[in-house]
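Peer 1: This is the structure, below, for whatever I ask next.
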Amino acid sequence: MRFTLNGREVSFEGSGARRLLDVLREDLGKTGTKEGCGEGECGACSVLIDGEVVDSCLVAVGQVEGCKVITVEGLAEGGRLTPLQQSFIDHGAAQCGICTPGMLLAAHVLLERARRPSADEVREALAGNLCRCTGYTKIIEAVLSCRT
Amino acid sequence: MPHVTYLRPKNIKEALQLYRATPRCRLLAGGTDLMVMLHAGALQPAPQAVLDVWSLSELKGVRRVRDVLEIGAAESYTRIIGSRDAQELVPALVAAARTIGAAQIQNRGTLGGNLANASPAGDTLPVLLAYDAVVVTDRRTIPIDAFFTGYRKTALESDELITAVRLPVGRNVQFRKVGTRAAQAISKVVMAVSREPARIAIGSVAEVPLRAGRAEAALARNDVEGVIAAVAEDIRPIDDVRSTATYRRQVTQNVLRELLDALARG
Amino acid sequence: MVASSASSTVGRSVPRREGVTKVTGTACYTDDLAIPGAWYGKTVRSTIARGRLRAITLDRHFDWGRVVVVTAEDIPGENVVHLIRDDQPALAPQGGEIRHREEPIVLLAAADRATLEEAARHVGIEYEPAEPILNIEDATEVFSTVNISKGKALEEVEGVEFVVEREFRVGSQEQLYIEPQGAIAIPEPGGAIKIVGSLQCPYYVHRALKRALKLTDQQAVVVQAETGGGFGGKEEYPSMVAIHAALLARKAGRPVRLIYDRHEDLAATTKRHPGVIRHRTGVKKDGTLLAQDIDIVLDGGGYCTLTPVVLSRAAIHATGPYSCPNVRIRARAVATNTPPNGAFRGFGAPQSLFAAELMVEHVAERLGMSGVDLRRKWMLRLGDTTATGQVLTESVGSELVLDAALKAAGTVGRLDGERVKRGRGLSLVFHGSGFTGSGEKKLQGTIAMEALADGTFRILTASTEIGQGTKTIFCQLAADALDVPLERVALGPQDTSLVPDSGPTVASRTAMIVGRLVQEAATEIKQRLERERPPLRVEKSYIQPDTIHWDETTYTGDAYPVYAWACTIVDVDVDMTTGEVHVTDLVTAVDCGKALHPVMTEGQIEGGSLQAVGWATIEEVKMKDGGYQNDRLATYLIPTALDAPRIKTILVENPYSRGPFGAKGIGELPMDGPAPAVIAAIHDATGVWLDEIPATPEKVLAACASR
C-alpha cells in the first residue's frame with residue numbers, strides 16, 4: 001500500500017491492521033509522533049490525515065492508503081520553522097515537549113480553518129491533547145498570537 | 001497484537017460478501033473503540049480479520065429526505081456537527097456529537113460505531129432514542145427501541161451491517177451529558193428528553209441506553225413531579241470505576257428536571 | 001569582549017535551548033532511540049496485594065528458547081532497589097514477601113512483542129496469600145515518625161479562648177508525565193552496562209544499578225534521554241526500571257528496551273502519599289494565634305521509598321506560613337499493601353498545607369473575621385520564628401504576595417440564578433527551597449565547568465532537563481557570570497561517565513542550589529581566564545553556610561535555606577445540578593526571589609497550579625483489591641485545555657542573598673496553594689465545607705444535598 005507522508009510517497013508492506021502510530025515510528029522512522037496512552041485519550045500521537053487531526057493509535061495503517069499524512073516532521077518546510085512552531089518557542093508553550101508534536105498539529109488545523117479563533121475556540125480545538133507541564137496557558141497564548 | 005488480516009472492500013456489496021465469508025471478522029470504521037481493544041488484545045474471541053468500512057461512500061453523507069434526516073453510518077461526528085441540515089433539524093444530535101472526545105475522536109467516531117458498540121454510555125444513543133430514530137441496515141430497518149437487547153448486545157444479525165440512521169426532523173429534544181471533565185470524558189449520566197412526544201432516554205444508568213417508561217408516562221400526563229419520582233424507578237445504576245449508583249440516581253433526577261425546565265421555556 | 005552586550009541574559013526569556021528539537025519532533029526520548037538488535041522487555045507482576053511467593057513455574061509446552069527469563073536468582077548483586085532503606089527488592093525472591101499487587105516477580109525479554117506477550121501467558125506464579133492492609137486506619141507498621149515541638153502543648157497554654165478542631169483528608173495523585181517510564185539497557189565491553197532512560201536523577205539510578213548488578217562506578221553508566229515530564233514520578237522509580245532492563249540485557253547479552261505502556265505506568269509506579277491530618281488550634285477572641293496541635297498520618301504504601309523525607313517536609317510545612325508561639329506536630333508514615341507511594345511535586349507539603357490553610361478559614365469563621373485579615377495577623381514576617389525555631393532573616397514575601405494577589409484578582413462577578421453558583425477562595429503558602437535540614441550538606445552536590453580552547457564553555461552537571469528549563473537557565477547563569485554571549489555556553493549531556501554528581505533534580509533545588517554552583521564556577525573561571533589560557537576546568541561543591549544550623553535529633557533549626565511564598569485566589573463555578581466544580585480563574589502571586597527566566601518561571605507556576613487544581617477536583621485514585629481501579633487514561637482524568645482555568649501569574653521579586661542572582665526555588669510551590677483555595681471557593685459558592693480532596697462531583701453533590 002501507498003500513502004503520502006509529509007509530501008513524499010511512501011509504501012508499506014505488512015498487515016494493514018497495524019496501528020498507523022507504530023508504522024510511523026517503527027517502520028518509517030518518524031518518531032516525532034509519540035505514544036502517551038494507546039487509547040485516544042491524550043493526543044500525543046496526533047497526526048493529520050487529509051487535513052484532519054486524528055489519533056494515530058486509533059487508525060489502522062490500511063485506512064490511510066492513498067491519503068496525505070502529515071506528522072510533526074512535515075510542518076517545517078526545508079528546516080524553516082512555521083510561525084506556529086516559532087511561537088511555541090517564544091511563548092514557552094513547550095516544556096518537556098512530549099505533547100508538543102500533537103499539540104502543534106491540532107493547533108495547525110485550527111489556524112487553517114479559523115483564522116481568528118477565540119481563546120475558547122483554541123481550548124476546544126486542543127482539548128484532545130493533554131499537557132501536564134504548562135497548565136495550557138502558554139500554549140493557548142502561542143496559538144492566539146498566530147492569528148492572522 | 002497477533003496477526004490480523006486487514007480487508008478493505010470497494011463497495012457495500014463486497015463488504016457484505018467478505019463479512020459473510022470471513023470467520024472471526026470485526027467491522028472497522030473510525031477505529032476509536034476497536035483499535036484500542038485490538039491493540040490491548042481485549043477482544044474475545046480474538047479477531048482474525050478487520051473489515052474496513054470507513055471509506056465506503058454508501059455509508060457517508062448527511063441528507064434530508066422529506067421529513068427525515070438520514071445520516072450515513074460511517075459519517076464522522078465532525079461532518080454531522082458541520083452539517084447545516086443536522087444543525088437545523090436535529091440540533092440535539094449535534095449537541096451530543098460535540099461532547100464526544102475532542103477533535104481527534106470527532107474526526108473518526110461514527111453513529112454506526114456508537115450503535116454497533118452499544119455501550120450503555122454511548123453519547124448519541126439517548127438522543128437517537130429520544131428522536132425515535134430508525135437504524136437502517138443492509139437488509140432492513142430496525143426501530144431504535146428494539147435495537148439494544150442487552151449489555152453491549154444489539155438486534156443486529158452476525159453478518160448485518162448498519163448503513164444509515166434516520167431521524168425525524170422538527171422534534172424538540174434537549175440533551176445533556178455529565179462527564180466530570182469538559183472534554184475527553186465518558187459519561188456518568190447522559191440524557192435526551194422530548195416533550196412531544198414524551199421521550200426520556202438516558203445512558204450510563206443501566207446495562208443498556210434506556211427509555212424511562214414510567215417517567216415518560218408521567219410526562220405524557222404533564223405530571224412533572226411524578227416524572228422526577230418515576231425516573232428513579234426506571235433506572236438501574238451501578239457503582240463502577242466512573243461513579244456511584246447514588247450519584248447517578250441523584251444526577252438523573254436533577255438533569256431531568258433541568259431539561260424539562262428548558263423544554264418548558266421553549 | 002564587550003561586557004554590556006552579554007551581561008543581561010538573566011531575567012530575560014531567551015529561547016529554550018532544546019526548543020527547536022521539541023517543536024520539530026527531533027528531540028529524542030527513550031522510546032525514540034533505535035537500537036539495532038535490541039529485544040523487548042516485560043515485567044510480570046504479582047496479582048495479589050499481600051502474601052508469600054511460593055513458586056514460579058514456566059509452562060513446559062512453551063518454547064522458552066526464544067525468550068530470556070530473569071528471576072530474583074539471576075541478580076548478581078544485592079536484591080534491593082537502593083534508596084533510603086533497603087526494604088524494596090528488585091524482584092520478589094522465592095519464598096519472599098509480596099507487599100503490594102504490582103510487585104515485580106519475573107522479567108522476560110524477546111525479539112518481538114508477540115512472543116513476549118505469549119511468553120508472559122505461560123508464566124505461572126503460586127502464592128500463599130495473606131490479608132492485605134489497604135487503608136491508613138488499619139495500618140500497624142510505621143515507616144517513620146517526625147515530632148516537632150515549640151513552646152508549650154496546647155493544653156498548657158494560658159489565655160486560649162477558643163479551640164477549633166478539624167480533620168482533613170487528602171487523596172493520592174498520579175504524576176501523569178505524558179511520557180511513560182522507560183529505559184534501554186545496553187551491555188558494553190568490560191562488563192559495563194549503559195542505561196539510557198527517562199529519569200530525573202542519573203546518580204540515583206547509578207547507585208541502584210551498581211548495587212543490584214554488582215558493578216563498579218565505571219561499569220555502571222546512566223544517561224538521561226530527553227525526558228517527557230517527571231514531577232517527582234521519575235525520581236525513584238527509574239531505578240527499578242533500569243535494574244530490570246539491565247538484568248535482562250545482561251542475561252540476553254544484547255540491548256533490551258523496557259518501555260512501560262500507560263496502563264503499567266499507572267498501575268505500578270509511585271503516587272502522591274494520601275493522608276489524614278488533624279488540627280487543633282487555640283486562639284484568643286481577637287484572633288491571636290496561641291497554639292497549634294497537628295497530627296499527620298501519611299500512607300507510604302508497600303515499601304519505604306522516599307517516605308521519611310516526604311513526611312519530614314509535610315511536618316515542617318504543617319503550620320502553614322504562620323507565626324505561632326506554641327506548636328506540637330506529630331507526624332507518622334505507615335505501611336499498607338498498596339503500591340508504594342513516592343515523590344510528587346511538593347513532596348508532602350501540599351498535603352499538610354491543605355489542612356493548614358483550611359484551618360485558617362475555619363478559625364476565621366468561628367471568630368467572625370475574614371480569612372484575609374486573620375492571615376495578616378498570623379503570617380510569618382521578617383524576624384519571625386517558624387515551628388522548628390528557624391528565624392526568618394531575609395526574603396520573606398508573605399505580605400508582598402498577599403497584597404499582589406488581592407490587587408490582581410479584582411472583584412468576583414456574581415451569577416444570576418441557582419443552577420450555577422460562583423465563589424472565590426484564597427490561600428497563602430510557603431515552601432522551603434532545597435533539601436530539608438542537612439540534606440544539602442550531606443550531599444555536597446558538585447558541578448564542573450570547562451573553558452574550552454575554542455572560547456566556548458561547558459557546564460557539566462547531573463541536573464536534568466525535564467521541561468522545567470535546566471538547560472536554558474544554567475547557560476544563562478553561566479553566560480552572565482562569565483560575561484560572554486549565551487551562545488558560547490552549553491550544557492554537557494547528563495551522563496554519569498562524564499558529569500559529577502550535582503544531586504537529584506528534585507526539591508526545588510536545581511535553580512537555587514545547583515544554579516548557584518554554576519554561577520560560582522563561572523565566576524571563578526572568569527577570574528582565572530584573566531591570567532590563564534583555556535582549556536580550564538573548575539569544580540564546585542556545595543558548602544553549607546555556617547549560618548545554617550539544623551539538628552536532626554530534635555527537629556530544630558534552619559529547616560530550609562529559604563522559603564518561597566505564594567498567594568493564590570481561585571474563582572469556581574459549582575454546577576448545582578451535577579456537583580461539578582469548574583475553576584474558572586486562578587490568580588497567583590509568587591515570591592520567587594528573582595525570575596531568572598520569567599516565561600519559564602511562569603510556566604512552572606501555571607503548570608503546577610493546574611496539577612493542584614486537578615488534585616483538588618477531578619483526579620481521584622480509586623483502589624480496588626489493593627490495586628488502582630482507574631489505571632487507564634480513560635478513567636484517571638486530568639484537566640484538559642477546556643477544564644483549565646484562566647491563569648494569571650504575578651512574579652514578585654524579593655531577592656535571596658545566596659540564590660543565584662537572588663533566585664529561590666519555586667518548582668514545587670505552585671502545587672501547595674490551589675487546593676485549599678478551591679475548597680474555600682466551593683464554600684463561598686455553596687455554603688458547604690468539604691474536608692477532603694478531591695472534591696469530586698459525587699462528594700460535592702452529596703455535601704450540598706445533606707446541608
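Going through the C-alpha cells in order, the chains are called A, B, and so on, while each chain numbers its residues from 1 and the ligands are numbered from 1 in the order shown.
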For Val109 in chain A, work out the shell of residues within 10 Å, counting only C-alpha atoms and skipping chain neighbours fewer than 5 positions away, then give it as a list in words.
Peer 2: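 That gives Leu48, Gly51, Glu52, Val53, Leu104, Ala114 and Ala125 of chain A.
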Peer 1: Residues of chain B that approach chain C to 10 Å or less, counting only C-alpha atoms: could you list each one with the shortest pair of atoms and its distance in Å to one decimal, rows by chain and increasing residue number, as JSON lines?
Peer 2:
```
{"residue": "B:Met1", "atom": "CA", "partner": "C:Ala114", "partner_atom": "CA", "distance": 6.1}
{"residue": "B:Pro2", "atom": "CA", "partner": "C:Ala114", "partner_atom": "CA", "distance": 6.3}
{"residue": "B:His3", "atom": "CA", "partner": "C:Ala114", "partner_atom": "CA", "distance": 9.0}
{"residue": "B:Gly41", "atom": "CA", "partner": "C:Glu117", "partner_atom": "CA", "distance": 9.9}
{"residue": "B:Ala102", "atom": "CA", "partner": "C:Thr640", "partner_atom": "CA", "distance": 9.9}
{"residue": "B:Val178", "atom": "CA", "partner": "C:Thr578", "partner_atom": "CA", "distance": 7.2}
{"residue": "B:Gly179", "atom": "CA", "partner": "C:Glu580", "partner_atom": "CA", "distance": 9.0}
{"residue": "B:Thr180", "atom": "CA", "partner": "C:Glu580", "partner_atom": "CA", "distance": 6.2}
{"residue": "B:Arg181", "atom": "CA", "partner": "C:Asp643", "partner_atom": "CA", "distance": 6.6}
{"residue": "B:Ala182", "atom": "CA", "partner": "C:Asp643", "partner_atom": "CA", "distance": 5.7}
{"residue": "B:Ala183", "atom": "CA", "partner": "C:Leu642", "partner_atom": "CA", "distance": 6.7}
{"residue": "B:Gln184", "atom": "CA", "partner": "C:Thr640", "partner_atom": "CA", "distance": 7.9}
{"residue": "B:Ala185", "atom": "CA", "partner": "C:Ala634", "partner_atom": "CA", "distance": 7.4}
{"residue": "B:Ile186", "atom": "CA", "partner": "C:Ala634", "partner_atom": "CA", "distance": 7.6}
{"residue": "B:Val189", "atom": "CA", "partner": "C:Thr578", "partner_atom": "CA", "distance": 9.7}
{"residue": "B:Asp240", "atom": "CA", "partner": "C:Gln629", "partner_atom": "CA", "distance": 9.4}
{"residue": "B:Val241", "atom": "CA", "partner": "C:Asn630", "partner_atom": "CA", "distance": 6.4}
{"residue": "B:Arg242", "atom": "CA", "partner": "C:Thr635", "partner_atom": "CA", "distance": 6.7}
{"residue": "B:Ser243", "atom": "CA", "partner": "C:Glu698", "partner_atom": "CA", "distance": 7.4}
{"residue": "B:Thr244", "atom": "CA", "partner": "C:Glu698", "partner_atom": "CA", "distance": 7.6}
{"residue": "B:Thr246", "atom": "CA", "partner": "C:Glu698", "partner_atom": "CA", "distance": 8.5}
{"residue": "B:Tyr247", "atom": "CA", "partner": "C:Glu698", "partner_atom": "CA", "distance": 5.7}
{"residue": "B:Arg248", "atom": "CA", "partner": "C:Glu698", "partner_atom": "CA", "distance": 8.8}
{"residue": "B:Gln250", "atom": "CA", "partner": "C:Thr578", "partner_atom": "CA", "distance": 8.4}
{"residue": "B:Val251", "atom": "CA", "partner": "C:Thr578", "partner_atom": "CA", "distance": 5.7}
{"residue": "B:Thr252", "atom": "CA", "partner": "C:Thr578", "partner_atom": "CA", "distance": 9.0}
{"residue": "B:Gln253", "atom": "CA", "partner": "C:Thr577", "partner_atom": "CA", "distance": 8.9}
{"residue": "B:Asn254", "atom": "CA", "partner": "C:Thr577", "partner_atom": "CA", "distance": 5.3}
{"residue": "B:Val255", "atom": "CA", "partner": "C:Thr577", "partner_atom": "CA", "distance": 6.3}
{"residue": "B:Leu256", "atom": "CA", "partner": "C:Thr577", "partner_atom": "CA", "distance": 9.6}
{"residue": "B:Arg257", "atom": "CA", "partner": "C:Thr577", "partner_atom": "CA", "distance": 9.0}
{"residue": "B:Glu258", "atom": "CA", "partner": "C:Thr577", "partner_atom": "CA", "distance": 7.7}
```
Peer 1: Okay, now the selection with C-alpha atoms, as a PDB file, in the first residue's frame?
Peer 2:
```
ATOM      1  CA  MET B   1      -1.065  -7.975  18.823  1.00  0.00           C
ATOM      2  CA  PRO B   2      -1.359 -11.283  16.960  1.00  0.00           C
ATOM      3  CA  HIS B   3      -1.634 -11.128  13.203  1.00  0.00           C
ATOM      4  CA  GLY B  41      -5.819  -7.948  22.974  1.00  0.00           C
ATOM      5  CA  ALA B 102     -12.417  16.035  21.288  1.00  0.00           C
ATOM      6  CA  VAL B 178     -22.466  14.705  32.650  1.00  0.00           C
ATOM      7  CA  GLY B 179     -18.910  13.536  32.431  1.00  0.00           C
ATOM      8  CA  THR B 180     -16.894  15.436  35.081  1.00  0.00           C
ATOM      9  CA  ARG B 181     -14.432  16.700  32.532  1.00  0.00           C
ATOM     10  CA  ALA B 182     -15.278  19.216  29.805  1.00  0.00           C
ATOM     11  CA  ALA B 183     -13.809  17.073  27.020  1.00  0.00           C
ATOM     12  CA  GLN B 184     -12.458  13.553  26.572  1.00  0.00           C
ATOM     13  CA  ALA B 185     -14.953  12.206  29.070  1.00  0.00           C
ATOM     14  CA  ILE B 186     -17.097   9.129  29.163  1.00  0.00           C
ATOM     15  CA  VAL B 189     -25.138  10.200  33.025  1.00  0.00           C
ATOM     16  CA  ASP B 240     -18.303   1.417  38.846  1.00  0.00           C
ATOM     17  CA  VAL B 241     -14.921   2.958  38.132  1.00  0.00           C
ATOM     18  CA  ARG B 242     -16.509   6.176  36.913  1.00  0.00           C
ATOM     19  CA  SER B 243     -19.128   6.956  39.524  1.00  0.00           C
ATOM     20  CA  THR B 244     -21.619   5.652  42.045  1.00  0.00           C
ATOM     21  CA  THR B 246     -26.216   7.116  44.335  1.00  0.00           C
ATOM     22  CA  TYR B 247     -24.700   9.928  42.305  1.00  0.00           C
ATOM     23  CA  ARG B 248     -26.175   8.688  39.056  1.00  0.00           C
ATOM     24  CA  GLN B 250     -29.452  11.966  42.022  1.00  0.00           C
ATOM     25  CA  VAL B 251     -27.979  13.491  38.874  1.00  0.00           C
ATOM     26  CA  THR B 252     -30.511  11.731  36.670  1.00  0.00           C
ATOM     27  CA  GLN B 253     -33.277  13.428  38.605  1.00  0.00           C
ATOM     28  CA  ASN B 254     -31.524  16.791  38.657  1.00  0.00           C
ATOM     29  CA  VAL B 255     -30.676  16.777  34.967  1.00  0.00           C
ATOM     30  CA  LEU B 256     -34.134  15.626  34.022  1.00  0.00           C
ATOM     31  CA  ARG B 257     -35.641  18.496  35.951  1.00  0.00           C
ATOM     32  CA  GLU B 258     -33.263  20.882  34.239  1.00  0.00           C
TER      33      GLU B 258
END
```
Peer 1: Excluding range 86-88 of chain A and residues on its chain fewer than 6 positions from it, collect all residues at most 10 Å away from it, counting only C-alpha atoms, and give them as a list in words.
Peer 2: Arg80, Ala94, Gln95, Thr100, Met103, Leu104, Lys138, Ile139, Ile140, Glu141, Ala142, Val143, Leu144, Ser145 and Cys146 of chain A; Pro15, Gly19, Val20, Lys22 and Val23 of chain C
Peer 1: The selected residues should be written to file as an mmCIF file, in the first residue's frame (atoms: N, CA and C atoms).
Peer 2:
```cif
data_model
loop_
_atom_site.group_PDB
_atom_site.id
_atom_site.type_symbol
_atom_site.label_atom_id
_atom_site.label_comp_id
_atom_site.auth_asym_id
_atom_site.auth_seq_id
_atom_site.Cartn_x
_atom_site.Cartn_y
_atom_site.Cartn_z
ATOM 1 N N ARG A 80 12.743 25.328 7.850
ATOM 2 C CA ARG A 80 12.272 26.626 8.358
ATOM 3 C C ARG A 80 11.072 26.416 9.260
ATOM 4 N N ALA A 94 6.260 24.909 24.901
ATOM 5 C CA ALA A 94 6.819 23.559 25.020
ATOM 6 C C ALA A 94 7.667 23.525 26.277
ATOM 7 N N GLN A 95 7.327 22.635 27.207
ATOM 8 C CA GLN A 95 8.214 22.423 28.360
ATOM 9 C C GLN A 95 8.920 21.080 28.170
ATOM 10 N N THR A 100 4.102 18.222 22.596
ATOM 11 C CA THR A 100 4.226 19.321 21.639
ATOM 12 C C THR A 100 3.910 18.923 20.186
ATOM 13 N N MET A 103 0.195 18.623 19.888
ATOM 14 C CA MET A 103 -0.406 19.927 20.157
ATOM 15 C C MET A 103 -0.252 20.848 18.947
ATOM 16 N N LEU A 104 0.928 20.834 18.345
ATOM 17 C CA LEU A 104 1.183 21.665 17.164
ATOM 18 C C LEU A 104 0.248 21.290 16.019
ATOM 19 N N LYS A 138 0.320 28.921 28.314
ATOM 20 C CA LYS A 138 1.272 29.416 27.318
ATOM 21 C C LYS A 138 1.024 28.792 25.942
ATOM 22 N N ILE A 139 0.445 27.617 25.929
ATOM 23 C CA ILE A 139 0.090 27.012 24.639
ATOM 24 C C ILE A 139 -1.016 27.838 23.987
ATOM 25 N N ILE A 140 -2.015 28.189 24.774
ATOM 26 C CA ILE A 140 -3.119 28.989 24.235
ATOM 27 C C ILE A 140 -2.596 30.347 23.751
ATOM 28 N N GLU A 141 -1.728 30.952 24.543
ATOM 29 C CA GLU A 141 -1.136 32.238 24.123
ATOM 30 C C GLU A 141 -0.367 32.079 22.816
ATOM 31 N N ALA A 142 0.380 31.002 22.701
ATOM 32 C CA ALA A 142 1.187 30.784 21.493
ATOM 33 C C ALA A 142 0.297 30.662 20.261
ATOM 34 N N VAL A 143 -0.826 29.970 20.412
ATOM 35 C CA VAL A 143 -1.730 29.801 19.262
ATOM 36 C C VAL A 143 -2.416 31.127 18.945
ATOM 37 N N LEU A 144 -2.881 31.808 19.979
ATOM 38 C CA LEU A 144 -3.584 33.083 19.742
ATOM 39 C C LEU A 144 -2.676 34.093 19.042
ATOM 40 N N SER A 145 -1.404 34.037 19.345
ATOM 41 C CA SER A 145 -0.501 35.023 18.745
ATOM 42 C C SER A 145 -0.252 34.734 17.258
ATOM 43 N N CYS A 146 -0.702 33.581 16.786
ATOM 44 C CA CYS A 146 -0.528 33.248 15.359
ATOM 45 C C CYS A 146 -1.772 33.534 14.536
ATOM 46 N N PRO C 15 15.192 32.020 24.182
ATOM 47 C CA PRO C 15 14.594 30.769 23.686
ATOM 48 C C PRO C 15 15.120 29.558 24.441
ATOM 49 N N GLY C 19 14.499 23.938 22.415
ATOM 50 C CA GLY C 19 13.162 24.257 21.894
ATOM 51 C C GLY C 19 12.949 23.811 20.456
ATOM 52 N N VAL C 20 13.921 24.049 19.605
ATOM 53 C CA VAL C 20 13.740 23.703 18.193
ATOM 54 C C VAL C 20 13.549 22.197 18.032
ATOM 55 N N LYS C 22 12.256 20.219 20.094
ATOM 56 C CA LYS C 22 10.958 19.816 20.633
ATOM 57 C C LYS C 22 9.802 20.201 19.709
ATOM 58 N N VAL C 23 9.925 21.304 18.983
ATOM 59 C CA VAL C 23 8.815 21.681 18.086
ATOM 60 C C VAL C 23 8.933 21.041 16.708
#
```
Peer 1: Report the distance between CA of Pro670 in chain C and CA of Val429 in chain C in Å, rounded to one decimal place.
Peer 2: 9.1 Å
Peer 1: With distances taken over only C-alpha atoms, which of A:Arg132, A:Glu35, A:Glu41, A:Asp90 is nearest to Gly229 in chain C?
Peer 2: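 So, comparing all the options, the nearest one is A:Arg132.
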Peer 1: Counting only C-alpha atoms, a student should be able to say which residues of chain C come within 8 Å of chain A; what is the right answer, written as a VMD selection string?
Peer 2: chain C and resid 15 to 16 19 to 20 22 to 27 32 176 to 180 227 to 229 261 to 263 465 to 469 599 to 600 603 to 604 606 to 611 632 to 634 639 to 642 644 646 to 647
Peer 1: With C-alpha atoms retained, write the just-selected residues as a compact mmCIF listing (two decimals), in the first residue's frame.
Peer 2:
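Result written to part_38.txt:
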```txt
# COMPACT_ATOMS: atom_id res chain seq x y z
CA PRO C 15 14.59 30.77 23.69
CA ARG C 16 14.60 27.36 25.34
CA GLY C 19 13.16 24.26 21.89
CA VAL C 20 13.74 23.70 18.19
CA LYS C 22 10.96 19.82 20.63
CA VAL C 23 8.82 21.68 18.09
CA THR C 24 10.19 19.76 15.12
CA GLY C 25 9.84 16.27 16.56
CA THR C 26 13.58 15.61 16.53
CA ALA C 27 14.07 15.63 20.31
CA ASP C 32 12.54 7.14 20.04
CA LEU C 176 0.99 11.67 34.88
CA TYR C 177 4.01 12.79 32.94
CA ILE C 178 2.85 12.25 29.35
CA GLU C 179 5.89 10.11 28.51
CA PRO C 180 5.61 6.82 30.44
CA THR C 227 12.51 13.22 29.31
CA GLY C 228 8.82 13.82 28.84
CA GLY C 229 7.96 15.12 32.29
CA ASP C 261 2.74 1.44 28.43
CA ARG C 262 0.35 3.82 30.16
CA HIS C 263 -1.58 1.09 31.86
CA GLU C 465 16.15 18.97 31.98
CA ILE C 466 12.64 17.59 32.46
CA GLY C 467 10.82 20.50 30.91
CA GLN C 468 11.42 22.99 33.69
CA GLY C 469 14.30 24.72 31.92
CA VAL C 599 8.45 32.84 30.89
CA MET C 600 9.80 29.59 32.33
CA GLY C 603 5.41 28.13 33.10
CA GLN C 604 6.37 26.29 36.27
CA GLU C 606 0.95 27.69 35.71
CA GLY C 607 1.66 24.01 35.22
CA GLY C 608 1.96 23.31 38.93
CA SER C 609 -1.20 25.26 39.62
CA LEU C 610 -3.20 23.16 37.18
CA GLN C 611 -1.83 19.94 38.68
CA ARG C 632 -6.08 3.92 32.25
CA LEU C 633 -6.25 7.44 30.89
CA ALA C 634 -9.91 6.84 30.08
CA PRO C 639 -7.75 18.52 33.24
CA THR C 640 -7.91 19.25 29.51
CA ALA C 641 -7.49 22.69 27.96
CA LEU C 642 -11.25 23.15 28.33
CA ALA C 644 -8.13 24.58 32.87
CA ARG C 646 -7.51 31.22 33.02
CA ILE C 647 -4.29 31.61 34.99
```
Peer 1: Residues at most 9 Å from range 63-67 of chain C, counting only C-alpha atoms, excluding those fewer than 3 positions away in the same chain, as a PyMOL selection string?
Peer 2: chain C and resi 58-60+108-111+115-116+119+252
Peer 1: Write the selection just made, keeping C-alpha atoms, as an mmCIF file, in the first residue's frame?
Peer 2:
```cif
data_model
loop_
_atom_site.group_PDB
_atom_site.id
_atom_site.type_symbol
_atom_site.label_atom_id
_atom_site.label_comp_id
_atom_site.auth_asym_id
_atom_site.auth_seq_id
_atom_site.Cartn_x
_atom_site.Cartn_y
_atom_site.Cartn_z
ATOM 1 C CA LEU C 58 7.379 -21.964 33.353
ATOM 2 C CA ASP C 59 4.940 -23.883 31.168
ATOM 3 C CA ARG C 60 6.881 -26.804 29.681
ATOM 4 C CA LEU C 108 11.037 -11.516 30.234
ATOM 5 C CA ALA C 109 12.713 -10.411 27.024
ATOM 6 C CA ALA C 110 12.161 -11.488 23.448
ATOM 7 C CA ALA C 111 12.938 -10.328 19.957
ATOM 8 C CA THR C 115 6.463 -13.654 21.546
ATOM 9 C CA LEU C 116 6.866 -11.648 24.719
ATOM 10 C CA ALA C 119 5.597 -15.996 26.968
ATOM 11 C CA ALA C 252 20.370 -11.767 26.988
#
```
Peer 1: Per residue of chain B within 6 Å of chain A, which atom pair is closest and at what distance in Å (one decimal), using only C-alpha atoms, listed by chain and increasing number, as a tab-separated table?
Peer 2:
```
residue	atom	partner	partner_atom	distance
B:Tyr6	CA	A:Gly16	CA	5.0
B:Gly31	CA	A:Leu58	CA	5.3
B:Thr32	CA	A:Leu58	CA	5.5
B:Met35	CA	A:Leu58	CA	5.2
B:Val36	CA	A:Glu39	CA	5.2
B:Ala102	CA	A:Gly128	CA	4.8
B:Gln104	CA	A:Val54	CA	4.3
```
Peer 1: Determine, counting only C-alpha atoms, which protein, DNA and RNA residues have an atom within 10 Å of an atom of range 366-381 of chain C; residues of the same chain fewer than 3 positions away are not included. Present the result as a short mmCIF file (atom, residue, chain, number, x, y, z; two decimals) with C-alpha atoms, in the first residue's frame.
Peer 2:
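Okay, this is what ended up in part10.cif:
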```
data_model
loop_
_atom_site.label_atom_id
_atom_site.label_comp_id
_atom_site.auth_asym_id
_atom_site.auth_seq_id
_atom_site.Cartn_x
_atom_site.Cartn_y
_atom_site.Cartn_z
CA PHE C 162 -11.32 29.12 71.56
CA VAL C 163 -10.05 25.80 70.34
CA VAL C 164 -11.05 24.87 66.81
CA VAL C 283 -6.74 31.35 69.72
CA LYS C 284 -7.85 34.38 71.64
CA LYS C 285 -11.15 36.10 70.82
CA ASP C 286 -9.27 38.81 68.98
CA GLY C 287 -7.74 36.19 66.72
CA THR C 288 -4.31 35.98 68.30
CA LEU C 289 -2.82 32.61 67.45
CA LEU C 290 -1.63 30.88 70.60
CA GLY C 320 1.21 26.99 57.28
CA PRO C 321 3.15 30.24 56.86
CA TYR C 322 2.14 31.44 60.30
CA SER C 323 3.85 32.52 63.43
CA CYS C 324 2.72 30.56 66.44
CA GLU C 357 -4.91 26.75 55.02
CA LEU C 358 -8.41 25.43 55.56
CA MET C 359 -7.80 25.65 59.30
CA VAL C 360 -7.29 29.40 58.92
CA GLU C 361 -10.68 29.60 57.26
CA HIS C 362 -12.39 27.60 59.98
CA VAL C 363 -10.86 29.68 62.75
CA ASP C 384 9.69 35.72 62.99
CA THR C 385 10.41 32.17 64.08
CA THR C 386 9.00 29.02 62.48
CA VAL C 391 14.45 32.73 62.45
CA LEU C 392 13.50 34.18 59.07
CA THR C 393 16.25 36.64 58.32
CA GLU C 394 15.59 37.54 54.71
CA SER C 395 13.35 37.27 51.65
CA VAL C 396 10.05 36.80 53.49
CA GLY C 397 7.39 37.52 50.90
CA SER C 398 4.17 36.69 52.75
CA GLU C 399 2.67 40.13 52.77
CA LEU C 402 -0.94 38.55 49.58
CA LEU C 406 -5.56 40.66 46.06
CA GLY C 425 -11.23 31.25 47.74
CA LEU C 426 -7.76 32.30 48.80
CA SER C 427 -4.71 30.62 50.22
CA LEU C 428 -1.30 31.70 51.45
CA VAL C 429 1.56 29.22 51.42
CA PHE C 430 5.31 28.95 51.77
CA ALA C 680 -12.68 27.70 50.22
#
```
Peer 1: Among chain A, which residues does DSSP mark as helix (DSSP H, G or I) when it is run on the backbone? Keep the chain and numbering as in the structure and answer as number ranges by chain.
Peer 2: A: 20-27, 56-58, 61-64, 72-74, 83-91, 100-113, 119-125, 137-144
